[in-house]
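Enquirer: Here you go, structure-v2.csv (CSV, C-alpha atoms):
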```
chain,number,residue,atom,x,y,z
A,280,MET,CA,124.9,189.7,60.5
A,281,THR,CA,121.4,188.3,59.7
A,282,GLN,CA,120.1,188.4,56.1
A,283,ASP,CA,117.3,190.7,57.1
A,284,LEU,CA,119.6,193.3,58.7
A,285,GLN,CA,122.0,193.1,55.7
A,286,THR,CA,119.1,193.8,53.3
A,287,LYS,CA,117.9,196.8,55.4
A,288,ILE,CA,121.4,198.3,55.3
A,289,GLU,CA,121.7,197.8,51.6
A,290,ASN,CA,118.3,199.5,51.1
A,291,ILE,CA,119.3,202.5,53.1
A,292,ILE,CA,122.5,203.0,51.1
A,293,SER,CA,120.9,202.3,47.7
A,294,SER,CA,117.8,204.5,48.3
A,295,ASN,CA,119.8,207.5,49.6
A,296,GLN,CA,122.5,207.8,47.0
A,297,GLN,CA,121.9,211.5,46.6
A,298,ALA,CA,121.7,212.2,50.3
A,299,ASP,CA,124.4,213.8,52.5
A,300,ASP,CA,126.8,211.2,53.9
A,301,LYS,CA,126.0,212.3,57.4
A,302,ASP,CA,122.3,211.6,56.8
A,303,VAL,CA,123.1,208.1,55.6
A,304,VAL,CA,125.3,207.4,58.6
A,305,PHE,CA,122.5,208.7,60.9
A,306,ARG,CA,119.9,206.4,59.3
A,307,LEU,CA,122.3,203.4,59.6
A,308,LYS,CA,122.9,204.3,63.3
A,309,GLN,CA,119.2,204.5,63.9
A,310,LEU,CA,118.7,201.0,62.3
A,311,LEU,CA,121.4,199.6,64.6
A,312,TYR,CA,119.7,201.2,67.7
A,313,GLU,CA,116.4,199.6,66.7
A,314,THR,CA,118.2,196.3,66.2
A,315,GLU,CA,119.8,196.6,69.6
A,316,GLY,CA,116.4,197.4,71.1
A,317,ARG,CA,114.9,194.2,69.8
A,318,VAL,CA,117.9,192.3,71.3
A,319,ASP,CA,117.3,193.9,74.6
A,320,ALA,CA,113.6,193.0,74.4
A,321,ASP,CA,114.6,189.3,74.3
A,322,ARG,CA,116.1,189.6,77.8
A,323,GLU,CA,114.2,187.9,80.5
A,324,ALA,CA,113.0,189.8,83.7
A,325,GLN,CA,114.8,188.6,86.8
A,326,LYS,CA,113.2,187.7,90.2
A,327,ILE,CA,113.9,190.2,92.9
A,328,ALA,CA,115.1,187.5,95.2
A,329,ASP,CA,117.9,186.5,92.8
A,330,LEU,CA,118.9,190.2,92.3
A,331,VAL,CA,119.0,190.8,96.1
A,332,ALA,CA,121.1,187.6,96.7
A,333,ALA,CA,123.6,188.8,94.0
A,334,ASN,CA,123.8,192.2,95.6
A,335,LEU,CA,124.2,190.9,99.1
A,336,ARG,CA,127.2,188.9,98.0
A,337,GLN,CA,128.8,192.1,96.7
A,338,PHE,CA,127.9,194.0,99.9
A,339,THR,CA,129.6,191.5,102.1
A,340,ASN,CA,132.7,191.5,100.0
A,341,LYS,CA,134.3,194.7,101.5
A,342,THR,CA,137.8,193.9,100.4
A,343,ASN,CA,137.1,193.7,96.6
A,344,ARG,CA,135.0,196.8,95.6
A,345,ASN,CA,135.8,196.8,91.8
A,346,ASP,CA,132.8,199.0,91.2
A,347,ILE,CA,134.2,202.1,93.0
A,348,ILE,CA,136.5,204.6,91.4
A,349,HIS,CA,138.5,206.6,93.9
A,350,SER,CA,139.1,210.3,93.0
A,351,GLY,CA,142.3,210.6,94.9
A,352,PHE,CA,140.9,213.5,96.9
A,353,ASP,CA,140.5,211.9,100.3
A,354,ASP,CA,137.7,214.1,101.7
A,355,PHE,CA,135.7,213.7,98.5
A,356,ASP,CA,136.0,209.9,98.6
A,357,ASN,CA,135.3,209.7,102.3
A,358,GLU,CA,132.2,211.9,102.2
A,359,PHE,CA,130.7,211.1,98.8
A,360,GLY,CA,131.9,207.6,98.0
A,361,GLY,CA,134.1,208.5,95.0
A,362,PHE,CA,132.5,207.5,91.6
A,363,TYR,CA,130.8,204.3,90.6
A,364,LEU,CA,131.1,202.3,87.4
A,365,GLY,CA,128.0,203.0,85.3
A,366,GLU,CA,127.6,206.6,86.5
A,367,PHE,CA,127.2,209.7,84.4
A,368,ILE,CA,128.8,212.5,86.3
A,369,VAL,CA,128.6,216.2,85.3
A,370,VAL,CA,131.3,218.7,86.6
A,371,GLY,CA,130.0,222.3,86.2
A,372,GLY,CA,131.4,225.7,86.7
A,373,ARG,CA,131.6,229.2,85.4
A,374,PRO,CA,134.7,230.2,83.4
A,375,ALA,CA,138.0,230.5,85.4
A,376,MET,CA,136.7,228.3,88.2
A,377,GLY,CA,139.1,225.5,87.4
A,378,LYS,CA,137.0,222.8,85.7
A,379,THR,CA,139.8,221.6,83.4
A,380,GLN,CA,142.4,221.8,86.1
A,381,PHE,CA,140.1,219.6,88.4
A,382,LEU,CA,139.7,217.1,85.5
A,383,VAL,CA,143.5,217.1,84.9
A,384,ASN,CA,144.3,216.3,88.5
A,385,LEU,CA,141.4,213.9,88.7
A,386,SER,CA,142.5,211.9,85.7
A,387,MET,CA,146.1,211.8,87.0
A,388,ASN,CA,144.8,210.4,90.3
A,389,ILE,CA,142.4,207.8,88.8
A,390,SER,CA,144.8,206.6,86.1
A,391,LYS,CA,147.3,205.3,88.7
A,392,THR,CA,145.1,202.2,89.0
A,393,VAL,CA,142.3,202.5,86.4
A,394,PRO,CA,142.6,202.9,82.6
A,395,THR,CA,141.3,206.4,81.8
A,396,LEU,CA,140.4,208.2,78.5
A,397,TYR,CA,140.5,212.0,78.5
A,398,VAL,CA,138.6,213.4,75.5
A,399,THR,CA,139.4,217.1,74.9
A,400,LEU,CA,137.1,219.2,72.7
A,401,ASP,CA,138.3,222.6,74.1
A,402,LEU,CA,142.1,222.5,74.3
A,403,SER,CA,144.4,221.0,71.7
A,404,GLU,CA,146.7,218.1,72.7
A,405,LEU,CA,149.6,220.5,73.0
A,406,PHE,CA,147.8,222.9,75.4
A,407,LEU,CA,146.2,220.1,77.4
A,408,THR,CA,149.5,218.2,77.7
A,409,SER,CA,151.1,221.4,79.1
A,410,ARG,CA,148.4,221.4,81.8
A,411,PHE,CA,149.4,217.9,82.8
A,412,ILE,CA,153.1,218.7,82.9
A,413,ALA,CA,152.3,221.8,85.0
A,414,SER,CA,150.2,219.7,87.4
A,415,VAL,CA,153.0,217.3,88.1
A,416,SER,CA,156.1,219.6,88.0
A,417,GLY,CA,154.5,222.7,89.5
A,418,ILE,CA,155.8,224.8,86.6
A,419,PRO,CA,153.2,227.2,85.2
A,420,ALA,CA,151.8,226.1,81.9
A,421,SER,CA,152.4,229.5,80.4
A,422,HIS,CA,156.2,229.1,81.1
A,423,LEU,CA,156.1,225.7,79.4
A,424,LEU,CA,154.4,227.0,76.3
A,425,GLN,CA,156.8,230.0,76.0
A,426,ARG,CA,159.8,227.7,76.7
A,427,ASP,CA,160.8,230.1,79.4
A,428,LEU,CA,162.4,227.6,81.7
A,429,SER,CA,165.5,227.6,83.8
A,430,PRO,CA,168.0,224.7,83.9
A,431,ALA,CA,166.5,223.6,87.2
A,432,GLN,CA,163.0,223.6,85.8
A,433,TRP,CA,164.1,221.4,82.8
A,434,GLU,CA,165.6,219.0,85.3
A,435,GLN,CA,162.4,219.0,87.2
A,436,ILE,CA,160.5,218.1,84.1
A,437,ASP,CA,162.8,215.2,83.4
A,438,ILE,CA,162.2,213.9,86.9
A,439,THR,CA,158.4,214.2,86.7
A,440,TYR,CA,158.3,212.4,83.3
A,441,ARG,CA,158.3,209.1,85.2
A,442,ALA,CA,154.9,210.0,86.7
A,443,PHE,CA,153.4,209.8,83.3
A,444,THR,CA,155.0,206.5,82.4
A,445,GLU,CA,153.2,205.0,85.4
A,446,ARG,CA,149.7,206.2,84.4
A,447,GLN,CA,147.1,204.3,82.3
A,448,LEU,CA,146.0,207.6,80.7
A,449,TYR,CA,145.0,208.1,77.1
A,450,ILE,CA,144.4,211.6,75.5
A,451,TYR,CA,142.2,212.0,72.5
A,452,ASP,CA,141.9,215.4,70.7
A,453,PHE,CA,138.3,215.5,69.5
A,454,CYS,CA,138.4,219.1,68.4
A,455,TYR,CA,138.0,218.3,64.7
A,456,ASN,CA,134.9,216.1,64.9
A,457,THR,CA,132.5,216.9,67.6
A,458,ASN,CA,129.7,214.6,66.7
A,459,ILE,CA,128.4,212.5,69.6
A,460,THR,CA,127.8,209.4,67.5
A,461,ALA,CA,131.5,209.4,66.4
A,462,LEU,CA,132.6,210.0,70.0
A,463,ILE,CA,130.5,207.1,71.3
A,464,ALA,CA,131.9,204.8,68.6
A,465,TYR,CA,135.5,205.8,69.5
A,466,CYS,CA,134.9,205.3,73.2
A,467,GLN,CA,133.5,201.9,72.7
A,468,LYS,CA,136.6,201.0,70.6
A,469,GLN,CA,138.9,202.2,73.4
A,470,ILE,CA,136.9,200.2,76.0
A,471,GLN,CA,137.4,197.1,74.0
A,472,GLU,CA,141.1,197.6,73.1
A,473,ASN,CA,142.5,199.3,76.2
A,474,GLY,CA,140.1,198.3,79.0
A,475,ILE,CA,139.0,201.9,79.6
A,476,GLN,CA,136.9,202.3,82.8
A,477,VAL,CA,136.7,206.1,83.1
A,478,ILE,CA,136.0,208.5,80.3
A,479,ILE,CA,136.4,212.2,80.8
A,480,VAL,CA,134.8,214.6,78.3
A,481,ASP,CA,135.8,218.3,78.4
A,482,TYR,CA,133.3,219.8,77.7
A,483,LEU,CA,129.7,218.8,77.0
A,484,GLN,CA,128.5,221.9,75.2
A,485,LEU,CA,131.0,221.5,72.4
A,486,LEU,CA,129.5,218.2,71.3
A,487,SER,CA,127.0,218.2,68.5
A,488,SER,CA,124.3,215.9,67.2
A,489,TYR,CA,123.5,215.9,63.5
A,490,PRO,CA,119.7,215.2,63.6
A,491,HIS,CA,119.1,217.8,66.4
A,492,ARG,CA,121.5,220.5,65.4
A,493,LYS,CA,118.7,223.1,64.7
A,494,TYR,CA,117.2,222.7,68.2
A,495,ARG,CA,119.9,223.2,70.8
A,496,GLU,CA,117.9,222.0,73.9
A,497,LEU,CA,116.9,218.8,72.1
A,498,GLU,CA,120.5,218.4,70.9
A,499,VAL,CA,121.9,218.7,74.4
A,500,SER,CA,119.3,216.3,75.8
A,501,PHE,CA,120.2,213.7,73.1
A,502,ILE,CA,123.9,214.1,73.9
A,503,CYS,CA,123.3,213.6,77.6
A,504,ARG,CA,121.2,210.5,77.0
A,505,GLU,CA,124.0,209.1,74.8
A,506,LEU,CA,126.7,209.7,77.4
A,507,LYS,CA,124.5,208.1,80.1
A,508,ARG,CA,123.8,205.2,77.9
A,509,LEU,CA,127.6,204.8,77.2
A,510,ALA,CA,128.2,204.7,80.9
A,511,LYS,CA,125.5,202.2,81.8
A,512,GLU,CA,125.8,199.8,78.9
A,513,ASN,CA,129.6,199.5,79.1
A,514,ASN,CA,129.8,199.8,82.9
A,515,VAL,CA,132.2,202.7,82.9
A,516,SER,CA,132.2,206.1,84.6
A,517,VAL,CA,131.6,209.0,82.2
A,518,ILE,CA,132.6,212.4,83.6
A,519,ALA,CA,131.7,215.4,81.5
A,520,SER,CA,132.4,219.0,82.3
A,521,SER,CA,129.6,221.6,81.6
A,522,GLN,CA,129.3,225.3,81.3
A,523,LEU,CA,126.9,227.2,83.5
A,524,SER,CA,124.6,230.2,82.7
A,525,ARG,CA,125.5,233.7,84.0
A,526,ALA,CA,123.0,233.4,86.9
A,527,PRO,CA,125.7,232.9,89.6
A,528,GLU,CA,127.3,236.3,88.6
A,529,ASN,CA,124.1,238.1,89.4
A,530,ARG,CA,123.3,236.1,92.6
A,531,TYR,CA,123.5,237.9,95.9
A,532,GLY,CA,124.4,236.0,99.1
A,533,GLU,CA,125.5,232.4,99.3
A,534,GLY,CA,128.9,233.4,98.0
A,535,LYS,CA,127.6,233.3,94.4
A,536,ARG,CA,127.6,229.5,94.5
A,537,PRO,CA,125.9,227.8,91.6
A,538,HIS,CA,122.6,226.0,91.6
A,539,LEU,CA,121.4,223.0,89.6
A,540,THR,CA,119.2,225.3,87.6
A,541,ASP,CA,122.3,227.1,86.3
A,542,LEU,CA,123.4,224.1,84.1
A,543,ARG,CA,123.4,225.6,80.6
A,544,GLU,CA,121.1,224.9,77.7
A,545,SER,CA,119.1,221.9,78.9
A,546,GLY,CA,117.3,220.5,82.0
A,547,ALA,CA,118.4,217.1,80.7
A,548,ILE,CA,121.9,217.6,82.1
A,549,GLU,CA,120.5,217.9,85.7
A,550,GLN,CA,117.9,215.1,85.0
A,551,ASP,CA,120.2,212.5,83.5
A,552,ALA,CA,123.3,213.0,85.7
A,553,ASP,CA,123.9,210.6,88.5
A,554,LYS,CA,126.2,213.1,90.2
A,555,VAL,CA,126.4,216.9,89.6
A,556,ILE,CA,129.6,218.5,91.0
A,557,PHE,CA,130.2,222.3,90.9
A,558,ILE,CA,133.6,223.9,91.0
A,559,HIS,CA,133.5,227.3,92.8
A,560,ARG,CA,136.3,229.8,93.8
A,561,PRO,CA,135.1,232.4,96.4
A,562,GLU,CA,138.3,234.3,95.9
A,563,TYR,CA,137.4,235.0,92.3
A,564,TYR,CA,134.4,237.0,93.5
A,565,SER,CA,136.6,239.0,96.0
A,566,LEU,CA,135.4,236.8,99.0
A,567,TYR,CA,138.5,236.3,101.1
A,568,GLU,CA,137.0,235.0,104.4
A,569,ASP,CA,134.0,232.7,105.2
A,570,SER,CA,131.3,233.5,107.8
A,571,ALA,CA,133.6,232.0,110.5
A,572,GLY,CA,136.5,234.2,109.6
A,573,ASN,CA,138.5,231.4,107.9
A,574,SER,CA,140.7,232.4,105.0
A,575,LEU,CA,139.4,231.5,101.5
A,576,LYS,CA,142.8,232.2,99.9
A,577,ASN,CA,143.4,229.6,97.2
A,578,VAL,CA,140.3,227.7,98.3
A,579,VAL,CA,138.4,225.7,95.6
A,580,GLU,CA,135.0,224.4,96.7
A,581,ILE,CA,133.8,221.1,95.3
A,582,ILE,CA,130.1,221.2,95.7
A,583,VAL,CA,128.1,217.9,95.2
A,584,ALA,CA,124.6,219.3,94.4
A,585,LYS,CA,123.2,215.9,93.2
A,586,ASN,CA,124.2,212.4,94.2
A,587,ARG,CA,122.0,209.5,93.4
A,588,ASN,CA,124.3,207.1,95.2
A,589,GLY,CA,125.3,209.1,98.3
A,590,CYS,CA,125.0,212.3,100.2
A,591,MET,CA,125.3,215.9,99.1
A,592,GLY,CA,127.5,218.6,100.5
A,593,ARG,CA,130.8,220.2,99.8
A,594,ILE,CA,134.5,219.9,100.6
A,595,ASN,CA,137.5,222.2,100.1
A,596,LEU,CA,140.5,221.7,97.9
A,597,LEU,CA,143.5,224.0,97.8
A,598,LYS,CA,145.1,225.3,94.6
A,599,ASP,CA,148.7,226.5,94.4
A,600,ASN,CA,149.5,230.1,93.6
A,601,ASP,CA,150.0,229.3,89.9
A,602,PHE,CA,146.9,227.1,89.7
A,603,THR,CA,148.9,224.1,88.4
A,604,MET,CA,147.4,221.6,90.9
A,605,LEU,CA,144.6,220.9,93.4
A,606,GLN,CA,145.3,219.3,96.8
A,607,ASN,CA,143.3,217.9,99.7
A,608,ASP,CA,142.2,220.3,102.4
A,609,LYS,CA,140.1,219.9,105.5
A,610,LYS,CA,136.4,219.0,105.1
A,611,VAL,CA,133.9,221.8,105.3
A,612,PHE,CA,130.7,219.9,105.9
A,613,ALA,CA,128.4,217.2,104.6
A,614,PHE,CA,124.7,217.0,104.9
A,615,SER,CA,123.2,215.2,107.8
A,616,LEU,CA,119.7,213.6,107.9
A,617,ASP,CA,118.5,216.6,109.9
A,618,ARG,CA,119.8,219.0,107.2
A,619,PHE,CA,117.9,217.0,104.5
A,620,ARG,CA,114.7,217.3,106.5
A,621,GLU,CA,115.3,221.1,106.9
A,622,ILE,CA,115.6,221.7,103.1
A,623,GLU,CA,113.0,219.1,102.0
A,624,GLY,CA,110.5,221.6,101.0
A,625,LEU,CA,112.8,224.0,99.1
A,626,ASP,CA,112.5,224.2,95.3
A,627,GLU,CA,116.1,225.3,94.6
A,628,SER,CA,119.4,223.8,95.5
A,629,PRO,CA,120.5,224.8,99.0
A,630,PHE,CA,123.8,226.0,97.5
```
Can you give me the file's structure in the form of structure tokens?
Expert:
Amino acid sequence: MTQDLQTKIENIISSNQQADDKDVVFRLKQLLYETEGRVDADREAQKIADLVAANLRQFTNKTNRNDIIHSGFDDFDNEFGGFYLGEFIVVGGRPAMGKTQFLVNLSMNISKTVPTLYVTLDLSELFLTSRFIASVSGIPASHLLQRDLSPAQWEQIDITYRAFTERQLYIYDFCYNTNITALIAYCQKQIQENGIQVIIVDYLQLLSSYPHRKYRELEVSFICRELKRLAKENNVSVIASSQLSRAPENRYGEGKRPHLTDLRESGAIEQDADKVIFIHRPEYYSLYEDSAGNSLKNVVEIIVAKNRNGCMGRINLLKDNDFTMLQNDKKVFAFSLDRFREIEGLDESPF
């Protein structure tokens, strides 16, 4: 630490002795951000030819793509390229669509090969762990919580325990401190200590920001920027779930599918996200067949409504009857170049 920085820190602490502890921490954080900004300013611009040469070397190395995170859902990875390190991804959906179940299955898939941190702000460790056990064993989480299990089910749980020992998955219950600054600091610690490459946050609207707490739109905007910064500066994938407004409930046609404008409380979510993925269950809205007469029973649509690094479109996953897991299903469609041209002039999402 330089003498100048140490003096500034001491001045903040000594001149704010009567201030709230949170206010002092915020001022110290701002000072560190300003200091980081000056360090970034010392970086030199790079020639485009050097950057292109470095990228070409990566493009030609097809056997070692360390920047791609595979979701474990084959159609999603094939059509949309999985996830990239450095991306900020938002998973949105109305209540009961299966956002948490999707994130549970996703984290189980990813953590087979990539260290993953699951930050829960909604469910406690106990309830979330029950979801994970249910996803592997196929036993409904309600039965697990009520201890209403047969001898065969207990045996099944013993068998599936091995699946968890083979995962690089860390669970952090963040329900008791929802401040984004504390979350960022904790995530950076986990990145350094455990080599975390994927961070899942469930869910975004439960986070808070001390300096912006009176203005919710500004607060959500600040939270999104911090999560995006966390992803970019540490070269990790940050996947955050998000609630949607009630607009899909009142929408006629299109199977009540969500739009980007339905993201709740701030346009910054749509703006800052590299990918926006919606979870949608037609069956929830009493839609049992699509326009071609195909059954929609147990179908969960994964809609990629924004993708800076790939195409948009949707694929289907299938849930089991007790909604303990999601599995691959056949592809529905992905946008072609002709489709992009067709919707080019539309203001709203085509979904």
Enquirer: In Å, how far is it from atom CA of Glu404 of chain A to atom CA of Glu434 of chain A?
Expert: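 Taking atom CA of Glu404 of chain A as the start and atom CA of Glu434 of chain A as the end point, the length is 22.7 Å.
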Enquirer: Compile the contact shell of Leu364 of chain A as a PyMOL selection string: residues with an atom at most 10 Å away, counting only C-alpha atoms, same-chain residues fewer than 2 positions apart removed.
Expert: chain A and resi 345-348+362+366-367+476-477+510-511+513-517
Enquirer: Given only C-alpha atoms as the basis, pick out the residue of A:Leu597, A:Leu402, A:Ile368, A:Met387 nearest to Leu509 of chain A.
Expert: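 Under the stated criterion, the closest residue is A:Ile368.
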Enquirer: Which value, in Å to one decimal, gives the distance between atom CA of Ser487 of chain A and atom CA of Arg373 of chain A?
Expert: 20.7 Å
Enquirer: When distances are computed from all atoms listed in the file, which of A:Val398, A:Cys466, A:Ile581, A:Cys590 shows the smallest separation from Glu358 of chain A?
Expert: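 Result for the nearest residue to Glu358 of chain A: A:Cys590.
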Enquirer: Between A:Ile450, A:Ala420, A:Ile389, A:Ala464, which has the minimum distance to His349 of chain A (counting only C-alpha atoms)?
Expert: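 For His349 of chain A, the nearest of the candidates is A:Ile389.
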Enquirer: Smallest atom-to-atom distance to Asp353 of chain A: which of A:Ala552, A:Ala328, A:Cys503, A:Leu385, using all atoms listed in the file?
Expert: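 That would be A:Leu385, the residue with the smallest distance to Asp353 of chain A.
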Enquirer: Mind pulling up the distance from atom CA of Gly474 of chain A to atom CA of Phe411 of chain A?
Expert: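 Atom-to-atom, atom CA of Phe411 of chain A and atom CA of Gly474 of chain A are spaced 22.0 Å apart.
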Enquirer: From the list A:Val331, A:Val480, A:Ile594, A:Ile412, which residue is nearest Thr395 of chain A when using all atoms listed in the file?
Expert: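 Of A:Val331, A:Val480, A:Ile594, A:Ile412, the one nearest Thr395 of chain A, counting all atoms listed in the file, is A:Val480.
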